[in-house]
$ cat final31.cif   # mmCIF, C-alpha atoms (C1' of nucleotides)
data_structure
loop_
_atom_site.label_atom_id
_atom_site.label_comp_id
_atom_site.auth_asym_id
_atom_site.auth_seq_id
_atom_site.Cartn_x
_atom_site.Cartn_y
_atom_site.Cartn_z
CA MET A 1 -116.55 64.55 -93.59
CA ASN A 2 -113.73 65.55 -91.26
CA TYR A 3 -111.29 68.40 -91.53
CA TRP A 4 -107.61 68.29 -90.58
CA LEU A 5 -104.42 70.26 -90.49
CA MET A 6 -101.13 68.52 -91.20
CA LYS A 7 -97.74 70.11 -90.70
CA SER A 8 -94.69 69.60 -92.81
CA GLU A 9 -91.36 71.32 -93.05
CA PRO A 10 -90.97 72.81 -96.52
CA ASP A 11 -87.23 72.08 -96.46
CA VAL A 12 -88.08 68.40 -96.09
CA PHE A 13 -91.39 68.02 -97.92
CA GLY A 14 -93.41 71.06 -98.90
CA ILE A 15 -96.58 71.73 -100.83
CA ASP A 16 -94.63 71.91 -104.10
CA ASP A 17 -93.30 68.43 -103.41
CA LEU A 18 -96.81 67.17 -102.80
CA GLU A 19 -97.99 68.70 -106.05
CA ARG A 20 -95.12 67.02 -107.90
CA VAL A 21 -95.76 63.52 -106.52
CA GLY A 22 -99.54 63.83 -106.35
CA VAL A 23 -100.01 61.30 -103.55
CA GLU A 24 -97.69 60.81 -100.59
CA PRO A 25 -97.74 58.30 -97.74
CA TRP A 26 -97.62 60.39 -94.58
CA ASP A 27 -94.81 58.43 -92.97
CA GLY A 28 -92.64 59.30 -90.04
CA VAL A 29 -95.33 60.35 -87.59
CA ARG A 30 -94.16 59.11 -84.21
CA ASN A 31 -96.60 60.76 -81.90
CA TYR A 32 -99.45 58.72 -80.46
CA GLN A 33 -102.07 61.44 -80.60
CA ALA A 34 -101.32 62.17 -84.23
CA ARG A 35 -101.27 58.46 -85.00
CA ASN A 36 -104.64 57.96 -83.37
CA PHE A 37 -106.17 60.63 -85.56
CA MET A 38 -104.86 58.92 -88.68
CA ARG A 39 -105.63 55.41 -87.52
CA ASP A 40 -109.03 55.93 -85.92
CA GLU A 41 -110.68 58.97 -87.42
CA MET A 42 -109.46 59.77 -90.90
CA LYS A 43 -111.68 58.79 -93.80
CA VAL A 44 -110.95 58.81 -97.50
CA GLY A 45 -111.99 62.20 -98.84
CA ASP A 46 -111.42 64.13 -95.60
CA LYS A 47 -110.04 67.60 -96.27
CA ILE A 48 -106.60 68.67 -95.11
CA PHE A 49 -104.93 72.02 -94.66
CA PHE A 50 -101.31 71.57 -95.66
CA TYR A 51 -99.23 73.64 -93.25
CA HIS A 52 -95.61 74.70 -93.48
CA SER A 53 -93.82 74.65 -90.15
CA ASN A 54 -90.31 75.45 -89.01
CA CYS A 55 -89.72 77.94 -91.79
CA LYS A 56 -89.61 81.63 -92.60
CA GLU A 57 -93.34 82.10 -92.91
CA PRO A 58 -95.25 79.34 -91.12
CA GLY A 59 -98.82 78.99 -92.32
CA VAL A 60 -101.40 77.20 -94.42
CA VAL A 61 -100.18 76.81 -97.99
CA GLY A 62 -102.49 74.32 -99.62
CA ILE A 63 -105.38 71.90 -99.60
CA ALA A 64 -105.01 68.14 -99.67
CA GLU A 65 -107.22 65.14 -99.12
CA VAL A 66 -107.05 61.81 -97.33
CA ALA A 67 -106.50 59.29 -100.12
CA SER A 68 -106.33 55.91 -98.39
CA LYS A 69 -107.47 53.98 -95.40
CA PRO A 70 -104.95 53.74 -92.59
CA TYR A 71 -102.19 51.17 -93.03
CA PRO A 72 -98.91 50.39 -91.27
CA ASP A 73 -96.11 52.88 -91.83
CA PRO A 74 -93.49 50.80 -93.67
CA THR A 75 -90.61 52.94 -92.42
CA GLN A 76 -91.04 51.59 -88.91
CA PHE A 77 -89.72 48.20 -90.09
CA ASP A 78 -86.89 49.58 -92.22
CA PRO A 79 -83.60 49.51 -90.32
CA ASP A 80 -82.15 52.04 -92.76
CA SER A 81 -84.93 54.55 -92.18
CA LYS A 82 -84.54 57.28 -89.64
CA TYR A 83 -88.08 56.41 -88.60
CA HIS A 84 -87.16 52.81 -87.86
CA ASP A 85 -88.79 51.57 -84.66
CA PRO A 86 -87.22 48.30 -83.50
CA LYS A 87 -89.87 47.96 -80.82
CA SER A 88 -92.72 47.81 -83.29
CA ASP A 89 -94.09 44.29 -83.78
CA PRO A 90 -94.83 43.43 -87.44
CA ASP A 91 -97.85 41.43 -86.24
CA ASP A 92 -99.13 44.46 -84.35
CA PRO A 93 -97.65 47.55 -85.98
CA ARG A 94 -97.31 50.53 -83.73
CA TRP A 95 -97.43 53.26 -86.39
CA MET A 96 -100.16 53.78 -88.93
CA LEU A 97 -100.45 56.32 -91.70
CA VAL A 98 -102.70 57.44 -94.52
CA ASP A 99 -101.92 58.58 -98.04
CA VAL A 100 -102.33 62.29 -98.66
CA LYS A 101 -103.36 63.62 -102.06
CA TYR A 102 -102.61 67.05 -103.47
CA LYS A 103 -105.62 69.20 -104.33
CA ARG A 104 -104.35 72.73 -104.78
CA HIS A 105 -102.22 75.54 -103.44
CA THR A 106 -104.09 78.18 -101.52
CA LYS A 107 -104.16 81.50 -103.36
CA ARG A 108 -101.57 82.72 -100.93
CA THR A 109 -99.88 81.55 -97.77
CA ILE A 110 -102.23 82.14 -94.87
CA PRO A 111 -99.66 82.94 -92.21
CA LEU A 112 -99.83 81.69 -88.65
CA ARG A 113 -99.30 85.31 -87.64
CA GLU A 114 -102.57 86.27 -89.29
CA ILE A 115 -104.46 83.24 -88.01
CA LYS A 116 -103.46 84.24 -84.52
CA ASP A 117 -104.76 87.75 -85.12
CA HIS A 118 -108.17 86.18 -85.69
CA GLY A 119 -108.03 84.31 -82.43
CA ASP A 120 -111.48 85.48 -81.39
CA ALA A 121 -113.18 83.91 -84.39
CA LEU A 122 -110.94 80.85 -84.16
CA GLU A 123 -111.34 80.15 -80.48
CA GLY A 124 -110.42 76.57 -79.67
CA LEU A 125 -108.27 76.04 -82.74
CA GLN A 126 -105.50 73.69 -81.64
CA LEU A 127 -102.96 75.36 -83.86
CA ILE A 128 -103.00 78.54 -81.81
CA LYS A 129 -103.13 76.95 -78.41
CA ARG A 130 -100.15 77.42 -76.15
CA GLY A 131 -97.33 74.97 -76.62
CA ASN A 132 -99.08 73.16 -79.43
CA ARG A 133 -96.77 70.66 -81.09
CA LEU A 134 -99.18 68.27 -82.74
CA SER A 135 -98.34 67.62 -86.38
CA VAL A 136 -101.78 66.23 -87.22
CA MET A 137 -104.83 67.90 -85.71
CA PRO A 138 -108.57 68.09 -86.31
CA ILE A 139 -110.21 71.35 -87.34
CA ASP A 140 -113.80 72.36 -86.74
CA LYS A 141 -115.76 72.92 -89.94
CA GLN A 142 -116.49 76.50 -88.94
CA HIS A 143 -112.79 77.14 -88.37
CA TRP A 144 -111.97 75.49 -91.67
CA ASP A 145 -114.40 77.76 -93.49
CA TYR A 146 -113.15 80.82 -91.69
CA ILE A 147 -109.49 80.16 -92.48
CA LEU A 148 -110.34 79.32 -96.06
CA GLY A 149 -112.13 82.65 -96.28
CA MET A 150 -108.88 84.34 -95.28
CA GLU A 151 -107.11 83.21 -98.41
CA LYS A 152 -108.94 85.91 -100.34
CA SER A 153 -108.66 88.74 -97.88
CA TRP A 154 -105.39 90.59 -97.80
CA ASN A 155 -106.41 93.02 -95.11
CA LEU A 156 -106.57 91.99 -91.49
"C1'" DG B 1 -79.55 79.97 -82.86
"C1'" DC B 2 -82.43 80.35 -78.75
"C1'" DC B 3 -85.54 78.50 -75.77
"C1'" DA B 4 -90.27 77.32 -73.96
"C1'" DA B 5 -93.28 73.61 -74.04
"C1'" DC B 6 -94.08 69.12 -74.28
"C1'" DG B 7 -93.57 63.80 -74.81
"C1'" DT B 8 -90.82 59.90 -73.66
"C1'" DT B 9 -87.62 57.25 -71.07
"C1'" DG B 10 -85.82 54.86 -67.32
"C1'" DG B 11 -84.10 54.61 -62.51
"C1'" DC B 12 -85.89 54.07 -58.20
"C1'" DG C 1 -96.14 55.20 -60.20
"C1'" DC C 2 -93.19 59.24 -59.61
"C1'" DC C 3 -90.27 62.42 -61.65
"C1'" DA C 4 -85.72 64.07 -63.36
"C1'" DA C 5 -83.28 63.94 -67.48
"C1'" DC C 6 -83.34 64.09 -72.06
"C1'" DG C 7 -84.76 64.80 -76.91
"C1'" DT C 8 -87.81 67.12 -80.10
"C1'" DT C 9 -90.85 70.61 -81.95
"C1'" DG C 10 -91.42 74.87 -83.87
"C1'" DG C 11 -92.10 79.95 -83.41
"C1'" DC C 12 -89.39 83.79 -83.12
#

$ encode --input "final31.cif" --output "structure tokens"
Amino acid sequence: MNYWLMKSEPDVFGIDDLERVGVEPWDGVRNYQARNFMRDEMKVGDKIFFYHSNCKEPGVVGIAEVASKPYPDPTQFDPDSKYHDPKSDPDDPRWMLVDVKYKRHTKRTIPLREIKDHGDALEGLQLIKRGNRLSVMPIDKQHWDYILGMEKSWNL
DNA sequence: GCCAACGTTGGC
DNA sequence: GCCAACGTTGGC
């Protein structure tokens, strides 16, 4: 069992949207490192922190789960999609994705601000490394448990 | 809206 | 293969 964090902008597709649709193909990822995680390492049933980025209060807002094996991102072949990639060969697709399934909202938003305040316990967490821009990243089990524990504690 | 950090592109 | 230019991410 692997643990992940996936970012999404709530203005575009937030945790409420995921709850509404239930399962969502995680399309539009155009970063090789993030793709490699989805293509090579994700397994059905892996746990995901759903993270809101680029918004008023960035942080973990929910739990999701990997719901499919990797398969080619259809938007790469769609000329009308903003994710269209004319250089991708249909016989050897460049971009792969997995389906993501809603599990639940966290009891509260666990803000990035607060996660950073626990930097000692969360040493090595990619999310709080300098200049981090990865939209899909692995999380150590111990970090997963620690952050999950924060959803119930309102004091720092 | 600003801007630092980072990935990608393309000329050479 | 180098690296400057450019575009994007994402916190603040």

$ interface_residues --input "final31.cif" --of "chain B" --to "chain A" --cutoff "10 Å" --atoms "all atoms listed in the file" --output "ChimeraX atom specification"
/B:4-7

$ resolve_selection --input "final31.cif" --expression "the PyMOL selection byres ((chain B and resi 11) around 12)" --output "JSON list (two decimals) with C-alpha atoms (C1' of nucleotides), in the coordinates of the input"
[["chain", "number", "residue", "atom", "x", "y", "z"],
["B", 9, "DT", "C1'", -87.62, 57.25, -71.07],
["B", 10, "DG", "C1'", -85.82, 54.86, -67.32],
["B", 12, "DC", "C1'", -85.89, 54.07, -58.20],
["C", 2, "DC", "C1'", -93.19, 59.24, -59.61],
["C", 3, "DC", "C1'", -90.27, 62.42, -61.65],
["C", 4, "DA", "C1'", -85.72, 64.07, -63.36],
["C", 5, "DA", "C1'", -83.28, 63.94, -67.48]]

$ resolve_selection --input "final31.cif" --expression "the PyMOL selection byres ((chain A and resi 68-71) around 9)" --output "list of chain:residue names"
A:Pro25, A:Met38, A:Arg39, A:Asp40, A:Met42, A:Lys43, A:Val44, A:Gly45, A:Val66, A:Ala67, A:Pro72, A:Asp73, A:Pro74, A:Trp95, A:Met96, A:Leu97, A:Val98, A:Asp99, A:Val100

$ atom_distance --input "final31.cif" --atom1 "atom CA of A:Val12" --atom2 "atom CA of A:Cys55"
10.6 Å

$ resolve_selection --input "final31.cif" --expression "the PyMOL selection byres ((chain A and resi 141) around 12)" --output "ChimeraX atom specification"
/A:1-5,46-49,122,125,138-140,142-148

$ closest_residue --input "final31.cif" --among "A:Val61, A:Arg94, A:Tyr83, A:Ser153" --to "A:Thr109" --atoms "all atoms listed in the file"
A:Val61

$ atom_distance --input "final31.cif" --atom1 "atom CA of A:Asp120" --atom2 "atom CA of A:Met137"
19.3 Å

$ atom_distance --input "final31.cif" --atom1 "atom CA of A:Asp117" --atom2 "atom CA of A:Lys129"
12.8 Å

$ decode --input "final31.cif" --residues "chain B" --atoms "N, CA, C and O atoms (P, O5', C5', C4', C3', O3' and C1' of nucleotides)" --output "mmCIF file, in the first residue's frame"
data_model
loop_
_atom_site.group_PDB
_atom_site.id
_atom_site.type_symbol
_atom_site.label_atom_id
_atom_site.label_comp_id
_atom_site.auth_asym_id
_atom_site.auth_seq_id
_atom_site.Cartn_x
_atom_site.Cartn_y
_atom_site.Cartn_z
ATOM 1 P P DG B 1 -4.767 41.264 -10.948
ATOM 2 O "O5'" DG B 1 -3.282 41.704 -10.677
ATOM 3 C "C5'" DG B 1 -3.160 42.771 -9.755
ATOM 4 C "C4'" DG B 1 -1.846 42.643 -9.080
ATOM 5 C "C3'" DG B 1 -0.679 42.335 -10.014
ATOM 6 O "O3'" DG B 1 0.424 43.076 -9.529
ATOM 7 C "C1'" DG B 1 -0.824 40.630 -8.394
ATOM 8 P P DC B 2 1.771 43.211 -10.278
ATOM 9 O "O5'" DC B 2 2.702 42.388 -9.281
ATOM 10 C "C5'" DC B 2 2.738 42.766 -7.912
ATOM 11 C "C4'" DC B 2 3.741 41.888 -7.194
ATOM 12 C "C3'" DC B 2 5.003 41.576 -7.998
ATOM 13 O "O3'" DC B 2 6.124 41.779 -7.166
ATOM 14 C "C1'" DC B 2 3.966 39.557 -7.318
ATOM 15 P P DC B 3 7.560 41.920 -7.784
ATOM 16 O "O5'" DC B 3 8.118 40.449 -7.537
ATOM 17 C "C5'" DC B 3 8.109 39.906 -6.226
ATOM 18 C "C4'" DC B 3 8.446 38.428 -6.313
ATOM 19 C "C3'" DC B 3 9.568 38.122 -7.323
ATOM 20 O "O3'" DC B 3 10.384 37.113 -6.781
ATOM 21 C "C1'" DC B 3 7.725 36.789 -7.775
ATOM 22 P P DA B 4 11.941 37.358 -6.637
ATOM 23 O "O5'" DA B 4 12.433 36.068 -5.874
ATOM 24 C "C5'" DA B 4 11.704 35.609 -4.736
ATOM 25 C "C4'" DA B 4 11.564 34.110 -4.783
ATOM 26 C "C3'" DA B 4 12.783 33.378 -5.336
ATOM 27 O "O3'" DA B 4 12.980 32.239 -4.527
ATOM 28 C "C1'" DA B 4 10.874 32.817 -6.618
ATOM 29 P P DA B 5 14.226 31.300 -4.708
ATOM 30 O "O5'" DA B 5 13.586 30.082 -5.493
ATOM 31 C "C5'" DA B 5 12.598 29.305 -4.857
ATOM 32 C "C4'" DA B 5 12.079 28.288 -5.833
ATOM 33 C "C3'" DA B 5 13.175 27.464 -6.519
ATOM 34 O "O3'" DA B 5 12.862 26.101 -6.344
ATOM 35 C "C1'" DA B 5 11.661 28.347 -8.121
ATOM 36 P P DC B 6 13.920 24.975 -6.600
ATOM 37 O "O5'" DC B 6 13.431 24.403 -7.987
ATOM 38 C "C5'" DC B 6 12.078 23.930 -8.071
ATOM 39 C "C4'" DC B 6 11.636 23.950 -9.499
ATOM 40 C "C3'" DC B 6 12.567 23.210 -10.450
ATOM 41 O "O3'" DC B 6 11.961 21.984 -10.796
ATOM 42 C "C1'" DC B 6 11.606 25.180 -11.406
ATOM 43 P P DG B 7 12.700 20.892 -11.668
ATOM 44 O "O5'" DG B 7 11.884 21.027 -13.026
ATOM 45 C "C5'" DG B 7 10.463 20.930 -13.013
ATOM 46 C "C4'" DG B 7 9.934 21.050 -14.421
ATOM 47 C "C3'" DG B 7 10.698 20.217 -15.450
ATOM 48 O "O3'" DG B 7 9.754 19.705 -16.381
ATOM 49 C "C1'" DG B 7 10.869 22.521 -16.012
ATOM 50 P P DT B 8 10.221 18.855 -17.639
ATOM 51 O "O5'" DT B 8 10.202 19.945 -18.811
ATOM 52 C "C5'" DT B 8 9.014 20.683 -19.040
ATOM 53 C "C4'" DT B 8 9.209 21.580 -20.240
ATOM 54 C "C3'" DT B 8 9.824 20.892 -21.469
ATOM 55 O "O3'" DT B 8 9.044 21.280 -22.577
ATOM 56 C "C1'" DT B 8 11.064 22.838 -20.903
ATOM 57 P P DT B 9 9.309 20.619 -23.994
ATOM 58 O "O5'" DT B 9 9.938 21.837 -24.802
ATOM 59 C "C5'" DT B 9 9.325 23.119 -24.711
ATOM 60 C "C4'" DT B 9 10.234 24.123 -25.383
ATOM 61 C "C3'" DT B 9 10.851 23.628 -26.693
ATOM 62 O "O3'" DT B 9 10.458 24.516 -27.723
ATOM 63 C "C1'" DT B 9 12.513 24.560 -25.253
ATOM 64 P P DG B 10 10.683 24.155 -29.245
ATOM 65 O "O5'" DG B 10 12.017 24.955 -29.582
ATOM 66 C "C5'" DG B 10 12.143 26.322 -29.211
ATOM 67 C "C4'" DG B 10 13.564 26.755 -29.447
ATOM 68 C "C3'" DG B 10 14.199 26.145 -30.712
ATOM 69 O "O3'" DG B 10 15.048 27.118 -31.288
ATOM 70 C "C1'" DG B 10 15.498 25.598 -28.864
ATOM 71 P P DG B 11 15.330 27.118 -32.832
ATOM 72 O "O5'" DG B 11 16.550 28.123 -32.911
ATOM 73 C "C5'" DG B 11 16.570 29.278 -32.093
ATOM 74 C "C4'" DG B 11 17.989 29.573 -31.637
ATOM 75 C "C3'" DG B 11 19.052 29.361 -32.708
ATOM 76 O "O3'" DG B 11 19.978 30.432 -32.647
ATOM 77 C "C1'" DG B 11 19.551 28.014 -30.834
ATOM 78 P P DC B 12 20.950 30.757 -33.836
ATOM 79 O "O5'" DC B 12 22.298 30.055 -33.418
ATOM 80 C "C5'" DC B 12 23.023 30.556 -32.287
ATOM 81 C "C4'" DC B 12 23.997 29.520 -31.816
ATOM 82 C "C3'" DC B 12 24.803 28.833 -32.908
ATOM 83 O "O3'" DC B 12 25.963 29.609 -33.214
ATOM 84 C "C1'" DC B 12 24.192 27.352 -31.126
#
